[in-house]
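Below is the file model03.txt, which contains compact mmCIF, C-alpha atoms.
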# COMPACT_ATOMS: atom_id res chain seq x y z
CA MET Q 1 21.54 4.49 -6.04
CA ILE Q 2 22.77 3.80 -9.57
CA GLY Q 3 19.62 1.83 -10.30
CA ASP Q 4 17.48 4.70 -9.01
CA ARG Q 5 19.30 7.22 -11.18
CA ASN Q 6 18.92 4.97 -14.20
CA ALA Q 7 15.19 4.58 -13.54
CA VAL Q 8 14.74 8.35 -13.24
CA ALA Q 9 16.75 8.90 -16.43
CA LEU Q 10 14.64 6.34 -18.27
CA ARG Q 11 11.36 7.92 -17.12
CA THR Q 12 12.67 11.35 -18.10
CA ALA Q 13 13.66 10.14 -21.56
CA ARG Q 14 10.25 8.57 -22.07
CA ALA Q 15 8.49 11.74 -20.98
CA LEU Q 16 10.63 13.87 -23.28
CA ARG Q 17 9.89 11.54 -26.20
CA ALA Q 18 6.19 11.82 -25.40
CA VAL Q 19 6.38 15.62 -25.41
CA ARG Q 20 8.23 15.68 -28.74
CA ALA Q 21 5.78 13.21 -30.24
CA VAL Q 22 2.68 15.10 -29.22
CA ARG Q 23 3.95 18.27 -30.85
CA ALA Q 24 4.53 16.39 -34.12
CA VAL Q 25 1.65 13.89 -34.15
CA PRO Q 26 -1.97 15.03 -34.57
CA ALA Q 27 -4.44 14.43 -31.76
CA PRO Q 28 -7.39 12.88 -33.63
CA VAL Q 29 -9.69 12.48 -30.64
CA THR Q 30 -9.17 16.06 -29.46
CA SER Q 31 -9.68 17.34 -33.01
CA ALA Q 32 -12.79 15.20 -33.46
CA LEU Q 33 -14.29 16.47 -30.19
CA ILE Q 34 -13.71 20.08 -31.22
CA VAL Q 35 -15.22 19.54 -34.67
CA LEU Q 36 -18.20 17.67 -33.24
CA CYS Q 37 -18.97 20.35 -30.66
CA CYS Q 38 -18.68 23.08 -33.29
CA LEU Q 39 -20.93 21.26 -35.76
CA ILE Q 40 -23.58 20.55 -33.14
CA PHE Q 41 -23.55 24.18 -32.08
CA VAL Q 42 -23.75 25.57 -35.62
CA VAL Q 43 -26.77 23.45 -36.59
CA GLY Q 44 -28.56 24.11 -33.30
CA PRO Q 45 -30.68 27.10 -32.29
CA ALA Q 46 -28.06 28.58 -29.94
CA ALA Q 47 -25.91 29.69 -32.89
CA GLY Q 48 -28.79 31.68 -34.41
CA LEU Q 49 -27.66 30.75 -37.93
CA ASP Q 50 -30.50 28.49 -39.03
CA PRO Q 51 -33.51 30.57 -40.16
CA ALA Q 52 -35.77 27.57 -39.52
CA TYR Q 53 -35.65 28.39 -35.80
CA GLY Q 54 -36.99 31.87 -36.43
CA THR Q 55 -36.04 35.03 -34.60
CA GLY Q 56 -36.96 36.90 -31.45
CA GLU Q 57 -39.31 35.10 -29.08
CA ARG Q 58 -39.63 32.12 -31.38
CA LEU Q 59 -35.86 31.60 -31.40
CA LEU Q 60 -35.70 31.97 -27.63
CA LEU Q 61 -38.39 29.31 -27.16
CA ALA Q 62 -36.51 26.99 -29.56
CA GLN Q 63 -33.31 27.46 -27.58
CA ARG Q 64 -35.02 26.69 -24.28
CA ALA Q 65 -36.63 23.55 -25.68
CA TYR Q 66 -33.29 22.48 -27.17
CA PHE Q 67 -31.43 22.90 -23.90
CA ARG Q 68 -34.11 21.08 -21.93
CA ARG Q 69 -33.99 18.18 -24.34
CA TRP Q 70 -30.23 17.67 -24.38
CA GLY Q 71 -29.04 19.38 -21.20
CA VAL Q 72 -28.98 18.22 -17.58
CA ILE Q 73 -31.94 19.20 -15.39
CA PRO Q 74 -30.92 18.29 -11.82
CA ALA Q 75 -34.51 17.99 -10.58
CA GLU Q 76 -35.22 15.35 -13.24
CA LEU Q 77 -31.90 13.53 -13.28
CA PHE Q 78 -32.49 11.35 -10.23
CA THR Q 79 -36.06 10.36 -11.05
CA GLY Q 80 -34.91 7.11 -12.68
CA ALA Q 81 -35.98 8.10 -16.20
CA PRO Q 82 -33.58 6.55 -18.78
CA ARG Q 83 -33.60 9.66 -20.97
CA ALA Q 84 -32.65 11.89 -18.05
CA ALA Q 85 -29.79 9.54 -17.14
CA LEU Q 86 -28.26 10.09 -20.59
CA THR Q 87 -28.28 13.88 -20.41
CA PRO Q 88 -24.92 14.26 -18.56
CA ALA Q 89 -23.38 12.68 -21.67
CA THR Q 90 -25.35 14.60 -24.30
CA ALA Q 91 -24.87 17.90 -22.46
CA LEU Q 92 -21.11 17.62 -23.00
CA PHE Q 93 -21.59 18.41 -26.68
CA VAL Q 94 -24.08 21.27 -26.34
CA HIS Q 95 -23.08 24.89 -25.73
CA GLY Q 96 -25.12 27.94 -24.90
CA SER Q 97 -23.39 30.71 -26.86
CA TRP Q 98 -20.49 31.50 -29.16
CA VAL Q 99 -18.37 32.70 -26.23
CA HIS Q 100 -19.18 29.54 -24.29
CA LEU Q 101 -18.22 27.32 -27.23
CA LEU Q 102 -15.02 29.14 -28.20
CA GLY Q 103 -13.79 29.37 -24.61
CA ASN Q 104 -14.23 25.65 -24.08
CA MET Q 105 -12.71 24.65 -27.39
CA LEU Q 106 -9.67 26.88 -26.82
CA PHE Q 107 -8.83 25.09 -23.60
CA LEU Q 108 -9.50 21.68 -25.11
CA TYR Q 109 -7.25 22.51 -28.07
CA VAL Q 110 -4.39 23.71 -25.87
CA PHE Q 111 -4.43 21.00 -23.19
CA GLY Q 112 -6.14 18.10 -24.92
CA ALA Q 113 -3.48 17.06 -27.43
CA MET Q 114 -0.69 16.37 -24.95
CA THR Q 115 -3.05 14.62 -22.55
CA GLU Q 116 -4.47 12.47 -25.36
CA GLU Q 117 -1.01 11.49 -26.57
CA ARG Q 118 0.04 10.49 -23.05
CA MET Q 119 -3.11 8.46 -22.35
CA GLY Q 120 -3.75 7.00 -25.78
CA ARG Q 121 -6.79 7.60 -27.97
CA LEU Q 122 -9.22 5.07 -26.50
CA GLN Q 123 -8.32 5.78 -22.89
CA PHE Q 124 -8.52 9.54 -23.47
CA THR Q 125 -11.97 9.20 -25.06
CA LEU Q 126 -13.32 7.17 -22.14
CA PHE Q 127 -11.62 9.50 -19.68
CA TYR Q 128 -13.11 12.61 -21.30
CA VAL Q 129 -16.67 11.32 -21.46
CA GLY Q 130 -16.55 9.53 -18.09
CA CYS Q 131 -15.14 12.45 -16.11
CA GLY Q 132 -17.42 14.88 -17.91
CA TYR Q 133 -20.44 12.76 -17.03
CA LEU Q 134 -19.42 12.48 -13.37
CA ALA Q 135 -18.67 16.21 -13.11
CA LEU Q 136 -22.15 17.13 -14.31
CA LEU Q 137 -23.61 14.44 -12.10
CA GLY Q 138 -21.80 15.92 -9.11
CA TYR Q 139 -23.13 19.37 -9.88
CA ALA Q 140 -26.66 18.01 -10.25
CA ALA Q 141 -26.40 16.17 -6.92
CA ALA Q 142 -25.41 19.40 -5.18
CA HIS Q 143 -28.35 21.24 -6.77
CA ALA Q 144 -30.86 18.42 -6.83
CA ALA Q 145 -33.89 20.71 -6.58
CA SER Q 146 -32.84 22.98 -9.45
CA GLY Q 147 -34.94 23.09 -12.60
CA GLN Q 148 -32.30 24.97 -14.58
CA THR Q 149 -30.63 23.22 -17.48
CA LEU Q 150 -26.88 22.67 -17.60
CA VAL Q 151 -24.95 22.29 -20.86
CA GLY Q 152 -21.32 22.43 -21.95
CA ALA Q 153 -18.08 20.48 -21.95
CA SER Q 154 -16.90 22.19 -18.74
CA GLY Q 155 -16.57 19.15 -16.55
CA ALA Q 156 -14.75 17.10 -19.18
CA ILE Q 157 -12.31 19.87 -20.11
CA SER Q 158 -11.66 20.65 -16.46
CA ALA Q 159 -10.77 16.98 -16.04
CA VAL Q 160 -8.29 17.35 -18.90
CA LEU Q 161 -6.73 20.30 -17.05
CA GLY Q 162 -6.46 18.24 -13.88
CA ALA Q 163 -4.80 15.36 -15.71
CA PHE Q 164 -2.48 17.77 -17.53
CA LEU Q 165 -1.38 19.21 -14.21
CA TYR Q 166 -0.33 15.80 -12.95
CA LEU Q 167 1.18 14.56 -16.21
CA PHE Q 168 3.04 17.76 -17.18
CA PRO Q 169 3.45 19.85 -14.02
CA ARG Q 170 6.47 21.75 -15.38
CA ALA Q 171 4.98 22.60 -18.76
CA ARG Q 172 5.36 26.33 -19.35
CA VAL Q 173 1.98 28.01 -19.75
CA THR Q 174 1.90 31.49 -21.29
CA SER Q 175 -0.98 33.46 -19.76
CA LEU Q 176 -2.44 36.90 -20.26
CA PHE Q 177 -3.65 38.57 -17.08
CA PRO Q 178 -6.24 41.37 -17.49
CA PHE Q 179 -5.23 43.02 -14.20
CA LEU Q 180 -1.67 43.26 -15.55
CA PHE Q 181 -2.77 44.92 -18.79
CA PHE Q 182 -2.76 41.54 -20.59
CA LEU Q 183 0.99 41.24 -20.19
CA PRO Q 184 2.01 37.72 -21.32
CA LEU Q 185 3.78 35.84 -18.55
CA ARG Q 186 5.08 32.28 -18.50
CA PHE Q 187 4.52 30.07 -15.49
CA PRO Q 188 4.71 26.30 -14.99
CA ALA Q 189 1.43 24.39 -15.04
CA TRP Q 190 1.75 23.61 -11.32
CA VAL Q 191 1.36 27.35 -10.67
CA VAL Q 192 -1.28 28.32 -13.24
CA LEU Q 193 -3.70 25.39 -13.03
CA PRO Q 194 -4.03 25.16 -9.22
CA PHE Q 195 -4.58 28.93 -9.20
CA TRP Q 196 -7.37 28.47 -11.76
CA ALA Q 197 -8.89 25.61 -9.74
CA ALA Q 198 -8.82 27.73 -6.57
CA LEU Q 199 -10.71 30.50 -8.37
CA GLN Q 200 -13.34 27.99 -9.48
CA TRP Q 201 -13.69 26.72 -5.91
CA LEU Q 202 -14.15 30.23 -4.53
CA ALA Q 203 -16.64 31.09 -7.26
CA ALA Q 204 -18.56 27.86 -6.62
CA GLY Q 205 -19.03 28.87 -3.00
CA ARG Q 206 -20.62 32.16 -4.07
CA SER Q 207 -22.74 30.88 -6.96
CA THR Q 208 -26.46 30.23 -6.83
CA GLN Q 209 -28.76 27.85 -8.65
CA GLY Q 210 -29.78 30.50 -11.17
CA PRO Q 211 -28.44 30.85 -14.75
CA GLY Q 212 -24.71 31.32 -14.97
CA VAL Q 213 -21.48 29.33 -14.84
CA ALA Q 214 -21.50 25.93 -13.11
CA TYR Q 215 -18.24 26.41 -11.23
CA LEU Q 216 -18.82 23.33 -9.11
CA ALA Q 217 -18.72 21.17 -12.25
CA HIS Q 218 -15.28 22.66 -12.96
CA VAL Q 219 -14.05 21.79 -9.49
CA VAL Q 220 -15.41 18.23 -9.61
CA GLY Q 221 -14.01 17.63 -13.10
CA PHE Q 222 -10.59 19.02 -12.21
CA GLY Q 223 -10.37 16.83 -9.11
CA LEU Q 224 -11.47 13.73 -11.01
CA GLY Q 225 -8.94 14.35 -13.78
CA PHE Q 226 -6.06 14.87 -11.39
CA ALA Q 227 -7.03 11.82 -9.32
CA TYR Q 228 -7.34 9.61 -12.38
CA ALA Q 229 -3.92 10.63 -13.71
CA TRP Q 230 -2.41 10.12 -10.26
CA VAL Q 231 -3.80 6.59 -9.96
CA ARG Q 232 -3.25 5.58 -13.57
CA PHE Q 233 0.15 7.17 -14.22
CA GLY Q 234 1.64 7.44 -10.73
CA GLY Q 235 5.43 7.37 -10.86
CA THR Q 236 5.65 8.01 -14.61
CA ALA Q 237 4.32 11.53 -15.01
CA GLY Q 238 6.01 14.90 -15.16
CA LEU Q 239 9.49 15.81 -16.27
CA PRO Q 240 11.95 15.36 -13.39
CA GLY Q 241 14.50 18.11 -13.39
CA GLY Q 242 13.26 19.85 -16.53
CA SER Q 243 11.28 22.92 -17.44
CA GLY Q 244 8.95 20.96 -19.70
CA PRO Q 245 7.27 22.06 -22.90
CA ARG Q 246 5.95 25.54 -23.42
CA VAL Q 247 2.22 25.88 -23.88
CA LYS Q 248 0.39 29.06 -24.84
CA VAL Q 249 -3.12 29.67 -23.56
CA THR Q 250 -5.35 32.67 -23.15
CA PRO Q 251 -6.67 32.78 -19.58
CA ALA Q 252 -10.34 33.10 -20.36
CA PRO Q 253 -12.51 32.13 -17.39
CA ALA Q 254 -11.67 28.65 -18.58
CA SER Q 255 -13.92 25.90 -19.71
CA GLU Q 256 -17.40 26.96 -18.75
CA GLY Q 257 -20.34 24.86 -17.77
CA GLU Q 258 -23.41 26.98 -18.29
CA ASN Q 259 -26.85 27.00 -16.77
CA GLN Q 260 -29.49 27.94 -19.28
CA PRO Q 261 -32.73 29.77 -18.49
Translate the structure described by the file into C-alpha cells.
Amino acid sequence: MIGDRNAVALRTARALRAVRAVRAVPAPVTSALIVLCCLIFVVGPAAGLDPAYGTGERLLLAQRAYFRRWGVIPAELFTGAPRAALTPATALFVHGSWVHLLGNMLFLYVFGAMTEERMGRLQFTLFYVGCGYLALLGYAAAHAASGQTLVGASGAISAVLGAFLYLFPRARVTSLFPFLFFLPLRFPAWVVLPFWAALQWLAAGRSTQGPGVAYLAHVVGFGLGFAYAWVRFGGTAGLPGGSGPRVKVTPAPASEGENQP
C-alpha cells in the first residue's frame, strides 16, 4: 500500500511539474503550426487579399481550383494516384474562410501547448500530422463517391482535443454558452470535451455530402487522439486527486473541417 501511494504521489508530482512547465515554456510546434496555417491562408485566394486572384467570378474560380489542388476529393483519393494520396496531408494547412481559420487556430492555441509539452515536440508533430491524415482519410472513406473538396486542420485539432482529454481530464475549461447568454462557466475537461464530441457525432449523423462542416472528421480525429494518448501514456496521465490547470476557451463550433464547393 505504501508503495502504491508513493507511486501515485510521484506521478502526481510529475504531472504538476509538466503543467507548470507548459505554462512557462513556449510551445514551438504549436506556434509554428498556427503561423504556417495563417501564412498559407493569407497568401492564398481564400483570404481575398491578393489582387492577383481578381474579384467576383474570377476569384471564385481561383478558390475552387486552389481547393481542388490542395484539398481532399474523396472520389479521387482511392484511385491510386500519388498526388491524391498526399492531399490528406496538404489539406491540413488549407482553410476555406477567415472564420474557419480563426476557429481552428483558437482551439489549437488553447489545447495544443499543453499536449505538445506532455508529448514532446517530435512526437507531437508526428501525432498531429498522422492523426489529421487518418481523420481526413476516414471521412473520405465514408463518402467515397463525393466529389466535394475537404480542407482544414479539423481532424488534427480534434485529435489534440482527444489527447488533451486523456492527459488532462481535470483541467478546468472556461466556456461561454450562447444558450446561457454567453455566461462564462468553468467545467473540467472530462465534462466539456466529451460533450463536444457527442455533438459532433450527432451532427455527423445528420450531415450530407454537400458543402459544410465535416463532422465525421472531427469524430474520427477525436477518437484517434484519445486512443493514442491512452496507449502511449496509459497510467501516467491526468492529475489524481487535483482540479488541474485552468484553461480558457471560447466554445465556437470547434475545429472545423470544411467541404468546399
Inset, instruction - Would you kindly return, as a ChimeraX atom specification, each protein, DNA or RNA residue with an atom no farther than 12 Å from any atom of Phe78 (chain Q), considering all atoms listed in the file and excluding same-chain residues fewer than 2 positions away? - result: /Q:72-76,80-88,137-138,140-146
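Distances to Thr30 (chain Q) were evaluated for Q:Ile157, Q:Val42, Q:Ala214, Q:Val191 using all atoms listed in the file, and the minimum falls at Q:Ile157.
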Legend entry - Selected residue of minimal separation from Leu77 (chain Q) among Q:Gly103, Q:Gly205, Q:Gly147, Q:Pro51, counting all atoms listed in the file: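 Looking at the shortest contact to Leu77 (chain Q), the residue is Q:Gly147.
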Inset, instruction - Around the point (-9.0, 12.9, -32.7) in the file's coordinates, collect all residues with an atom within 12 Å, using only C-alpha atoms, and return them as a ChimeraX atom specification. - result: /Q:25-36,108-109,112-117,120-122,124-125
Inset, instruction - Find, counting all atoms listed in the file, the residue in Q:Ala198, Q:Leu167, Q:Val94, Q:Ala217 that gets nearest to Gly155 (chain Q). - result: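 Of Q:Ala198, Q:Leu167, Q:Val94, Q:Ala217, the one nearest Gly155 (chain Q) is Q:Ala217, counting all atoms listed in the file.
Restricting the calculation to all atoms listed in the file, the smallest distance between Arg68 (chain Q) and any of Q:Gly96, Q:Leu106, Q:Ser158, Q:Trp230 is found for Q:Gly96.
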Inset, instruction - Provide the CA of Val192 (chain Q) to CA of Arg232 (chain Q) distance in Å, to one decimal place. - result: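 Atom-to-atom, CA of Val192 (chain Q) and CA of Arg232 (chain Q) are spaced 22.8 Å apart.
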Inset, instruction - Go ahead and compute the interatomic distance for CA of Val219 (chain Q) and CA of Cys131 (chain Q), in Å to one decimal. - result: 11.5 Å
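Computed from the coordinates, the CA of Leu193 (chain Q) to CA of Ala156 (chain Q) distance equals 15.1 Å.
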